[in-house]
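Trainee: Input my_file.txt, format and content: compact mmCIF, C-alpha atoms and all ligand atoms.
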# COMPACT_ATOMS: atom_id res chain seq x y z
CA ALA A 1 -10.08 -12.40 1.92
CA ALA A 2 -11.75 -10.96 -1.07
CA VAL A 3 -11.78 -7.74 -2.95
CA ARG A 4 -15.18 -7.44 -4.55
CA SER A 5 -14.58 -3.96 -5.74
CA LEU A 6 -11.76 -1.47 -5.96
CA ASP A 7 -12.67 2.05 -6.99
CA PHE A 8 -10.62 5.16 -7.31
CA VAL A 9 -12.47 7.70 -5.20
CA ALA A 10 -10.24 10.70 -4.65
CA GLY A 11 -6.86 12.27 -4.97
CA ALA A 12 -5.81 14.68 -2.25
CA VAL A 13 -2.89 17.09 -2.17
CA SER A 14 -3.20 18.28 1.42
CA LEU A 15 -4.19 16.89 4.82
CA GLN A 16 -7.21 19.21 4.84
CA THR A 17 -8.62 17.64 1.67
CA LEU A 18 -8.29 13.96 2.64
CA PRO A 19 -11.66 12.22 2.40
CA ALA A 20 -13.78 12.19 5.55
CA HIS A 21 -14.90 8.69 6.55
CA ASP A 22 -14.85 6.19 9.43
CA LEU A 23 -13.04 3.35 7.69
CA LYS A 24 -9.41 2.37 8.17
CA GLU A 25 -6.69 3.18 5.68
CA ALA A 26 -3.85 0.95 4.48
CA VAL A 27 -1.21 3.09 2.83
CA PHE A 28 1.29 1.86 0.24
CA ILE A 29 4.63 3.66 0.19
CA GLY A 30 7.47 2.98 -2.21
CA ARG A 31 9.54 4.55 -4.94
CA SER A 32 8.28 4.34 -8.50
CA ASN A 33 8.78 1.02 -10.28
CA VAL A 34 9.11 -0.88 -6.98
CA GLY A 35 6.18 -3.07 -8.03
CA LYS A 36 3.36 -1.35 -6.16
CA SER A 37 0.65 -1.60 -8.81
CA SER A 38 1.48 -5.23 -9.53
CA LEU A 39 1.31 -6.07 -5.84
CA VAL A 40 -2.04 -4.37 -5.30
CA ASN A 41 -3.43 -6.09 -8.37
CA MET A 42 -2.17 -9.41 -6.98
CA LEU A 43 -3.85 -8.72 -3.63
CA ALA A 44 -7.07 -7.82 -5.38
CA ASN A 45 -6.92 -10.69 -7.89
CA ARG A 46 -6.98 -8.24 -10.77
CA LYS A 47 -5.00 -8.68 -13.92
CA SER A 48 -4.32 -5.04 -14.47
CA ALA A 49 -5.54 -1.50 -14.26
CA ALA A 50 -7.24 -1.89 -10.90
CA PHE A 51 -4.73 0.35 -9.22
CA VAL A 52 -3.88 2.98 -11.73
CA SER A 53 -4.34 6.44 -10.42
CA LYS A 54 -6.46 8.79 -12.42
CA LYS A 55 -3.55 11.16 -12.86
CA PRO A 56 -0.59 9.13 -13.98
CA GLY A 57 3.00 10.26 -13.92
CA LYS A 58 4.81 11.93 -11.16
CA THR A 59 1.77 13.25 -9.36
CA GLN A 60 2.34 13.87 -5.70
CA GLN A 61 -1.00 13.24 -4.10
CA PHE A 62 -2.73 10.69 -1.90
CA ASN A 63 -4.74 8.42 -4.20
CA TYR A 64 -7.69 6.84 -2.42
CA PHE A 65 -9.14 3.51 -3.55
CA ALA A 66 -12.24 2.22 -1.82
CA VAL A 67 -12.18 -1.54 -1.26
CA ASN A 68 -15.60 -3.19 -1.04
CA ASP A 69 -17.55 -0.01 -0.58
CA PHE A 70 -20.98 -0.81 -1.95
CA SER A 71 -22.42 2.54 -1.16
CA LEU A 72 -20.54 4.01 -4.11
CA PRO A 73 -22.72 4.80 -7.13
CA ASN A 74 -20.84 2.63 -9.61
CA ASN A 75 -21.01 -0.32 -7.24
CA ARG A 76 -24.73 0.02 -6.97
CA ARG A 77 -24.84 -0.09 -10.75
CA ARG A 78 -22.60 -3.13 -10.79
CA GLN A 79 -24.82 -5.04 -8.35
CA SER A 80 -28.09 -4.31 -10.02
CA SER A 81 -27.04 -5.08 -13.57
CA GLY A 82 -25.80 -8.20 -15.32
CA GLY A 83 -27.14 -11.71 -15.73
CA LYS A 84 -26.38 -12.92 -12.23
CA LYS A 85 -29.15 -10.91 -10.66
CA LYS A 86 -31.58 -13.04 -8.70
CA LYS A 87 -35.32 -12.58 -8.81
CA ASN A 88 -36.54 -10.25 -6.08
CA ALA A 89 -32.96 -9.41 -5.23
CA SER A 90 -32.80 -6.66 -2.70
CA SER A 91 -30.23 -3.92 -2.94
CA SER A 92 -27.90 -5.76 -0.56
CA PRO A 93 -25.47 -8.31 -1.95
CA SER A 94 -26.43 -11.99 -1.85
CA TRP A 95 -23.01 -12.97 -0.46
CA ASP A 96 -21.48 -11.97 2.85
CA PRO A 97 -20.20 -8.48 2.31
CA PRO A 98 -16.47 -8.45 2.91
CA GLY A 99 -15.00 -5.71 5.04
CA SER A 100 -14.44 -2.27 3.64
CA PHE A 101 -11.35 -0.14 3.91
CA TYR A 102 -9.30 2.26 1.86
CA LEU A 103 -6.09 1.58 0.02
CA VAL A 104 -4.06 4.73 -0.18
CA ASP A 105 -1.44 5.01 -2.88
CA VAL A 106 1.41 7.39 -2.09
CA PRO A 107 3.23 7.95 -5.36
CA GLY A 108 5.90 10.37 -6.39
CA LEU A 109 8.62 9.57 -3.88
CA GLY A 110 12.20 9.77 -4.99
CA TYR A 111 11.69 11.21 -8.45
CA ALA A 112 14.95 12.88 -9.38
CA GLU A 113 13.08 15.03 -11.90
CA VAL A 114 10.87 16.60 -9.22
CA PRO A 115 12.45 19.80 -7.84
CA LYS A 116 14.03 19.37 -4.43
CA ALA A 117 11.69 21.84 -2.71
CA ALA A 118 8.64 19.96 -4.00
CA ARG A 119 10.10 16.63 -2.88
CA ARG A 120 10.73 18.08 0.59
CA GLU A 121 7.19 19.44 0.78
CA TRP A 122 5.69 16.09 -0.21
CA ALA A 123 7.85 14.20 2.30
CA ASP A 124 6.73 16.59 5.05
CA LEU A 125 3.12 16.03 4.07
CA LEU A 126 3.51 12.25 4.17
CA GLU A 127 5.20 12.50 7.56
CA ALA A 128 2.32 14.62 8.88
CA TYR A 129 -0.18 12.12 7.46
CA LEU A 130 1.54 9.20 9.22
CA ALA A 131 1.76 11.15 12.47
CA THR A 132 -1.77 12.55 12.61
CA ARG A 133 -4.20 10.64 10.39
CA ASP A 134 -6.35 8.63 12.80
CA GLN A 135 -7.75 6.40 10.05
CA ALA A 136 -4.25 5.30 8.99
CA ALA A 137 -3.91 1.81 10.46
CA LEU A 138 -1.29 0.15 8.31
CA ALA A 139 1.66 1.31 6.22
CA PHE A 140 3.23 -1.09 3.75
CA HIS A 141 6.66 0.17 2.72
CA LEU A 142 7.73 -1.61 -0.47
CA VAL A 143 11.40 -2.29 -1.16
CA ASP A 144 12.68 -4.00 -4.30
CA SER A 145 14.37 -7.24 -3.22
CA ARG A 146 16.88 -7.01 -6.06
CA CYS A 147 18.39 -3.68 -5.08
CA GLY A 148 17.56 -3.47 -1.36
CA PRO A 149 16.85 -0.12 0.30
CA MET A 150 17.76 2.89 -1.84
CA PRO A 151 18.44 6.41 -0.49
CA VAL A 152 14.74 7.27 -0.72
CA ASP A 153 13.91 4.18 1.36
CA ARG A 154 16.33 5.34 4.05
CA ASP A 155 14.56 8.72 4.01
CA ILE A 156 11.30 6.85 4.52
CA PHE A 157 12.74 4.89 7.48
CA ALA A 158 13.67 8.17 9.13
CA MET A 159 10.31 9.72 8.32
CA VAL A 160 8.42 6.73 9.74
CA LYS A 161 10.50 6.81 12.90
CA ARG A 162 9.72 10.50 13.46
CA SER A 163 6.01 10.13 12.72
CA LEU A 164 5.54 7.07 14.93
CA ALA A 165 7.24 8.96 17.77
CA ARG A 166 4.86 11.90 17.26
CA ARG A 167 1.72 9.86 16.73
CA GLU A 168 -0.97 10.19 19.40
CA GLY A 169 -3.93 8.57 17.64
CA PRO A 170 -4.74 4.88 17.21
CA PRO A 171 -1.72 2.67 16.49
CA LEU A 172 -0.24 2.55 13.01
CA ARG A 173 1.35 -0.75 12.00
CA TYR A 174 4.46 -0.39 9.83
CA VAL A 175 5.31 -3.39 7.64
CA LEU A 176 8.22 -3.79 5.22
CA VAL A 177 7.49 -5.62 1.98
CA LEU A 178 10.23 -7.00 -0.25
CA THR A 179 8.92 -7.09 -3.82
CA LYS A 180 9.82 -9.13 -6.93
CA ALA A 181 11.28 -12.00 -4.89
CA ASP A 182 11.01 -14.28 -7.95
CA LYS A 183 13.69 -12.23 -9.67
CA ARG A 184 16.08 -12.81 -6.78
CA GLU A 185 15.34 -16.50 -6.49
CA ALA A 186 17.45 -17.40 -9.50
CA LYS A 187 20.46 -16.84 -7.27
CA LYS A 188 20.96 -19.29 -4.42
CA ASN A 189 20.15 -17.76 -0.99
CA ALA A 190 19.51 -14.40 -2.58
CA VAL A 191 16.11 -13.88 -0.93
CA PRO A 192 17.24 -14.73 2.62
CA ASP A 193 20.21 -12.43 2.05
CA ALA A 194 17.97 -9.58 0.96
CA HIS A 195 15.79 -10.18 4.04
CA ASP A 196 18.77 -10.13 6.42
CA ALA A 197 20.28 -7.07 4.76
CA LEU A 198 17.00 -5.20 5.13
CA ARG A 199 16.72 -6.25 8.78
CA ALA A 200 20.22 -4.91 9.45
CA ASP A 201 19.46 -1.68 7.61
CA LEU A 202 16.29 -1.23 9.65
CA ALA A 203 18.16 -1.72 12.92
CA GLU A 204 20.75 0.84 11.84
CA HIS A 205 18.18 3.46 10.88
CA LEU A 206 15.39 2.86 13.38
CA GLY A 207 17.26 1.49 16.37
CA ASP A 208 17.09 -2.12 17.58
CA ASP A 209 13.97 -1.69 19.71
CA LEU A 210 11.73 -0.37 16.97
CA ALA A 211 13.29 -2.48 14.20
CA ARG A 212 12.80 -5.77 16.04
CA ASP A 213 9.01 -5.57 15.90
CA ILE A 214 8.70 -4.61 12.26
CA PRO A 215 7.60 -7.50 10.06
CA ILE A 216 9.40 -8.03 6.76
CA LEU A 217 7.29 -9.84 4.16
CA VAL A 218 8.76 -11.45 1.07
CA THR A 219 6.46 -11.12 -1.94
CA SER A 220 6.18 -11.66 -5.65
CA ALA A 221 3.35 -10.50 -7.83
CA THR A 222 4.44 -13.09 -10.40
CA THR A 223 4.26 -16.17 -8.14
CA ARG A 224 1.76 -14.64 -5.68
CA ARG A 225 4.16 -15.31 -2.86
CA GLY A 226 3.34 -13.36 0.30
CA ARG A 227 -0.28 -12.71 -0.62
CA ASP A 228 -1.70 -14.44 2.47
CA ALA A 229 0.75 -12.69 4.77
CA MET A 230 -0.20 -9.28 3.39
CA TRP A 231 -3.88 -10.10 3.78
CA ARG A 232 -3.35 -11.18 7.38
CA HIS A 233 -1.93 -7.74 8.11
CA LEU A 234 -4.73 -6.02 6.21
CA LYS A 235 -7.38 -7.97 8.10
CA HIS A 236 -5.75 -7.46 11.46
CA ALA A 237 -5.04 -3.75 11.10
CA ALA A 238 -7.42 -2.35 8.52
CA LEU A 239 -10.68 -4.23 8.97
CA PRO A 240 -13.06 -3.35 11.79
P1 LIG A 301 5.03 0.62 -9.62
O1 LIG A 301 5.60 1.72 -10.45
O2 LIG A 301 5.64 0.58 -8.27
O3 LIG A 301 3.53 0.59 -9.58
O4 LIG A 301 5.55 -0.75 -10.30
P2 LIG A 301 4.81 -1.78 -11.28
O5 LIG A 301 3.86 -2.64 -10.54
O6 LIG A 301 4.28 -1.03 -12.45
O7 LIG A 301 6.04 -2.70 -11.70
C1 LIG A 301 7.21 -2.18 -12.29
C2 LIG A 301 7.84 -3.25 -13.18
O8 LIG A 301 8.24 -4.38 -12.39
C3 LIG A 301 6.88 -3.80 -14.22
O9 LIG A 301 7.62 -4.04 -15.39
C4 LIG A 301 6.39 -5.10 -13.61
O10 LIG A 301 6.02 -6.05 -14.57
C5 LIG A 301 7.59 -5.57 -12.82
N1 LIG A 301 7.19 -6.36 -11.65
C6 LIG A 301 6.37 -5.93 -10.66
N2 LIG A 301 6.23 -6.89 -9.72
C7 LIG A 301 6.98 -7.95 -10.13
C8 LIG A 301 7.23 -9.26 -9.57
O11 LIG A 301 6.76 -9.65 -8.49
N3 LIG A 301 8.08 -10.07 -10.27
C9 LIG A 301 8.64 -9.68 -11.44
N4 LIG A 301 9.44 -10.56 -12.06
N5 LIG A 301 8.40 -8.47 -12.00
C10 LIG A 301 7.59 -7.60 -11.35
Would you kindly transcribe this structure into structure tokens?
Mentor:
Amino acid sequence: AAVRSLDFVAGAVSLQTLPAHDLKEAVFIGRSNVGKSSLVNMLANRKSAAFVSKKPGKTQQFNYFAVNDFSLPNNRRRQSSGGKKKKNASSSPSWDPPGSFYLVDVPGLGYAEVPKAARREWADLLEAYLATRDQAALAFHLVDSRCGPMPVDRDIFAMVKRSLARREGPPLRYVLVLTKADKREAKKNAVPDAHDALRADLAEHLGDDLARDIPILVTSATTRRGRDAMWRHLKHAALP
């Protein structure tokens, strides 16, 4: 799996203003500091800055990043410039174009500083997105393996449960991702414990039937653990 390009394309603050397109969307949900940017950079083989939204801070909006979309103007520039250009190169890439999809960053969950009414509004919007957005094919919910699910994560469990029950469009795959596993590994058995604790928490909040089928991936942006597993889910759910 390869990410040849990752471009910020849009930020949307309502369902009506989400970009119109036919590609699939893989959405990344998690409280701030959970390790989201690091994980996306690891997936994309970028050192940094690939996944920094244009409006930093506590912005509550859907940030859209196009993966491998060579119809974008800056990609066209990228392909036609530079020393690697072959003679008589056509406008299409010389390698097999990898699949295109959108990464959607959902920031701004669980900020204590954001007024309660605004947090409620944003949570409702995310729930409506998960329930009704046909392009949404995969939701990665990131949980820090050191602290386990926090109150905001439990809110997300409940939100996901409600939206999956309401959803009528194409299936949406929900995958839990434990982040920063390298930090837990110093302690013996800490990672398996975090995994089991999360599994139990899921069963409590989602019910055994739904919880049983939800994959839990263990990842680390530092050691690149879990990269292949995340890509398998991306390929399976988000690529045509
Ligand atoms: P975001 O706010 O969710 O985008 O989180 P960041 O990706 O910015 O990460 C928050 C902090 O955790 C930063 O200081 C990262 O260096 C650190 N971090 C993120 N992922 C890992 C990881 O896998 N291992 C370790 N040890 N630190 C990580």
Trainee: Using only C-alpha atoms and all ligand atoms, which residues of the polymer chains come no farther than 12 Å from ligand LIG 301 (chain A)? I'd like the answer as JSON, numbers by chain.
Mentor: {"A": [28, 29, 30, 31, 32, 33, 34, 35, 36, 37, 38, 39, 40, 41, 42, 43, 47, 48, 49, 50, 51, 52, 53, 56, 57, 58, 105, 106, 107, 108, 109, 110, 111, 141, 142, 143, 144, 145, 146, 177, 178, 179, 180, 181, 182, 183, 184, 185, 186, 218, 219, 220, 221, 222, 223, 224, 225, 226, 227]}
Trainee: Please indicate the distance in Å from atom CA of A:Leu23 to atom CA of A:Asp134, rounded to one decimal place.
Mentor: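 Answer for the atom CA of A:Leu23 to atom CA of A:Asp134 separation: 9.9 Å.
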Trainee: Could you tell me how far atom CA of A:Ala165 sits from atom CA of A:Ala200, in Å to one decimal place?
Mentor: 20.7 Å
Trainee: Measuring between all atoms listed in the file, which one of A:Asp153, A:His233, A:Ser5, A:Asn63 shows the shortest distance to A:Pro19?
Mentor: A:Asn63
Trainee: Kindly give the distance, in Å, that separates atom CA of A:Arg133 and atom CA of A:Arg232, rounded to a single decimal.
Mentor: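 Those two atoms sit 22.0 Å apart.
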